[in-house]
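Engineer: Input: one structure, supplied below.
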Amino acid sequence: MEGVGVIDDFFELGGHSLIAVQLGSRLREIFDVEIEPQAVFQSANIADLGVVVEQALLQQIEQMTDEEAEALLNQGPGE
C-alpha cells in the first residue's frame, strides 16, 4: 500500500483481527517484549502502537537488575 502514514487507522486500511494477532506476534519477536493482544486492537495506528511498545520496553528495563542492565548495554547489536 502506498502512502500509509503512522497515524492512518489500521482497521480502516483493511486490517482485521487475524492480521492484528500476527502483528502482535511479530512485535514480540522483533522487540523481545511481551505485548498484550488487546493492546494491538486498541492501538489503531503505528504511532499509538509505538507508545505501547515503548512502555513495554521501559517496564522491562525497570524490572532488570543492575547486572542485567549492564550486560545488555555491553552486548553488541543482534546478540
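Identifiers in this document derive from the order of the C-alpha cells: chains are assigned A, B, ..., residues are numbered from 1 separately in each chain, and ligands are numbered from 1 in order of occurrence.
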Could you list, as a PyMOL selection string, every residue within 10 Å of region 49-63 of chain A, counting only C-alpha atoms and ignoring same-chain residues fewer than 5 positions away?

Structural biologist: chain A and resi 6+24+27-28+31-36+39-44+68-69+72

Engineer: List the neighbours of Val4 (chain A) out to 12 Å using only C-alpha atoms; skip same-chain residues closer than 6 positions along the sequence, and give me the result as a list in words.

Structural biologist: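 Answer for this query is Phe10, Glu12, Leu13, Gly14, Asn45 and Ile46 of chain A.
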
Engineer: Can those selected residues be exported to a file as an mmCIF file, in the first residue's frame so that it contains all heavy atoms?

Structural biologist:
```
data_model
loop_
_atom_site.group_PDB
_atom_site.id
_atom_site.type_symbol
_atom_site.label_atom_id
_atom_site.label_comp_id
_atom_site.auth_asym_id
_atom_site.auth_seq_id
_atom_site.Cartn_x
_atom_site.Cartn_y
_atom_site.Cartn_z
ATOM 1 N N PHE A 10 -5.350 1.412 11.191
ATOM 2 C CA PHE A 10 -5.080 0.040 10.771
ATOM 3 C C PHE A 10 -6.338 -0.637 10.227
ATOM 4 O O PHE A 10 -6.322 -1.280 9.187
ATOM 5 C CB PHE A 10 -4.515 -0.731 11.970
ATOM 6 C CG PHE A 10 -4.389 -2.212 11.784
ATOM 7 C CD1 PHE A 10 -3.367 -2.740 11.015
ATOM 8 C CD2 PHE A 10 -5.283 -3.082 12.383
ATOM 9 C CE1 PHE A 10 -3.235 -4.111 10.841
ATOM 10 C CE2 PHE A 10 -5.158 -4.451 12.227
ATOM 11 C CZ PHE A 10 -4.135 -4.963 11.450
ATOM 12 N N GLU A 12 -9.220 0.799 9.226
ATOM 13 C CA GLU A 12 -9.761 1.486 8.049
ATOM 14 C C GLU A 12 -8.973 1.131 6.793
ATOM 15 O O GLU A 12 -9.495 1.219 5.687
ATOM 16 C CB GLU A 12 -9.758 2.996 8.267
ATOM 17 C CG GLU A 12 -10.795 3.464 9.258
ATOM 18 C CD GLU A 12 -10.770 4.957 9.477
ATOM 19 O OE1 GLU A 12 -10.088 5.694 8.722
ATOM 20 O OE2 GLU A 12 -11.443 5.413 10.416
ATOM 21 N N LEU A 13 -7.713 0.728 6.950
ATOM 22 C CA LEU A 13 -6.886 0.330 5.808
ATOM 23 C C LEU A 13 -7.099 -1.141 5.433
ATOM 24 O O LEU A 13 -6.417 -1.659 4.552
ATOM 25 C CB LEU A 13 -5.409 0.571 6.127
ATOM 26 C CG LEU A 13 -5.002 2.026 6.275
ATOM 27 C CD1 LEU A 13 -3.590 2.132 6.826
ATOM 28 C CD2 LEU A 13 -5.116 2.746 4.944
ATOM 29 N N GLY A 14 -8.016 -1.808 6.108
ATOM 30 C CA GLY A 14 -8.308 -3.202 5.780
ATOM 31 C C GLY A 14 -7.765 -4.208 6.764
ATOM 32 O O GLY A 14 -7.896 -5.413 6.559
ATOM 33 N N ASN A 45 -3.252 2.761 15.211
ATOM 34 C CA ASN A 45 -2.249 3.219 14.245
ATOM 35 C C ASN A 45 -0.839 2.957 14.772
ATOM 36 O O ASN A 45 -0.647 2.588 15.920
ATOM 37 C CB ASN A 45 -2.460 4.699 13.897
ATOM 38 C CG ASN A 45 -2.362 5.606 15.097
ATOM 39 O OD1 ASN A 45 -1.402 5.550 15.855
ATOM 40 N ND2 ASN A 45 -3.362 6.459 15.291
ATOM 41 N N ILE A 46 0.124 3.147 13.899
ATOM 42 C CA ILE A 46 1.522 2.861 14.232
ATOM 43 C C ILE A 46 2.024 3.764 15.358
ATOM 44 O O ILE A 46 2.766 3.314 16.229
ATOM 45 C CB ILE A 46 2.416 3.012 12.985
ATOM 46 C CG1 ILE A 46 2.017 1.983 11.923
ATOM 47 C CG2 ILE A 46 3.886 2.888 13.332
ATOM 48 C CD1 ILE A 46 2.174 0.549 12.347
#
```

Engineer: State, in Å with one decimal place, the distance from CA of Ala47 (chain A) to CA of Phe11 (chain A).

Structural biologist: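 Result for CA of Ala47 (chain A) versus CA of Phe11 (chain A): 14.2 Å, one decimal.
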
Engineer: Run DSSP on the backbone and give me the residues of chain A it puts in helix (DSSP H, G or I), as number ranges by chain.

Structural biologist: A: 17-31, 37-42, 46-62, 66-74

Engineer: May I have the residues from that selection written out with C-alpha atoms, as a compact mmCIF listing (two decimals), in the first residue's frame?

Structural biologist:
```txt
# COMPACT_ATOMS: atom_id res chain seq x y z
CA SER A 17 -8.21 -9.42 13.87
CA LEU A 18 -6.04 -12.15 12.31
CA ILE A 19 -3.55 -9.61 10.99
CA ALA A 20 -3.60 -7.80 14.35
CA VAL A 21 -2.69 -11.03 16.15
CA GLN A 22 0.11 -11.67 13.65
CA LEU A 23 1.34 -8.10 14.14
CA GLY A 24 1.47 -8.59 17.91
CA SER A 25 3.44 -11.78 17.43
CA ARG A 26 5.96 -10.06 15.15
CA LEU A 27 6.38 -7.20 17.63
CA ARG A 28 7.17 -9.73 20.36
CA GLU A 29 9.76 -11.38 18.10
CA ILE A 30 11.39 -8.13 17.00
CA PHE A 31 11.48 -6.30 20.32
CA PRO A 37 -3.01 -8.86 22.21
CA GLN A 38 -5.62 -6.34 23.36
CA ALA A 39 -3.03 -3.56 23.07
CA VAL A 40 -2.75 -4.19 19.34
CA PHE A 41 -6.52 -3.94 18.93
CA GLN A 42 -6.68 -0.74 20.99
CA ILE A 46 1.52 2.86 14.23
CA ALA A 47 2.08 5.93 16.39
CA ASP A 48 -0.13 4.54 19.18
CA LEU A 49 1.39 1.09 18.86
CA GLY A 50 4.85 2.62 19.13
CA VAL A 51 3.88 4.06 22.51
CA VAL A 52 2.69 0.61 23.65
CA VAL A 53 5.99 -0.98 22.61
CA GLU A 54 7.97 1.81 24.26
CA GLN A 55 6.07 1.41 27.53
CA ALA A 56 6.59 -2.37 27.48
CA LEU A 57 10.32 -1.91 26.88
CA LEU A 58 10.60 0.65 29.68
CA GLN A 59 8.75 -1.66 32.05
CA GLN A 60 11.11 -4.49 31.11
CA ILE A 61 14.14 -2.27 31.75
CA GLU A 62 12.79 -1.12 35.12
CA ASP A 66 21.84 -3.53 37.62
CA GLU A 67 23.87 -6.50 36.39
CA GLU A 68 21.30 -7.39 33.71
CA ALA A 69 21.15 -3.80 32.52
CA GLU A 70 24.96 -3.57 32.39
CA ALA A 71 25.16 -6.82 30.40
CA LEU A 72 22.56 -5.50 27.97
CA LEU A 73 24.48 -2.29 27.47
CA ASN A 74 27.72 -4.17 26.85
```
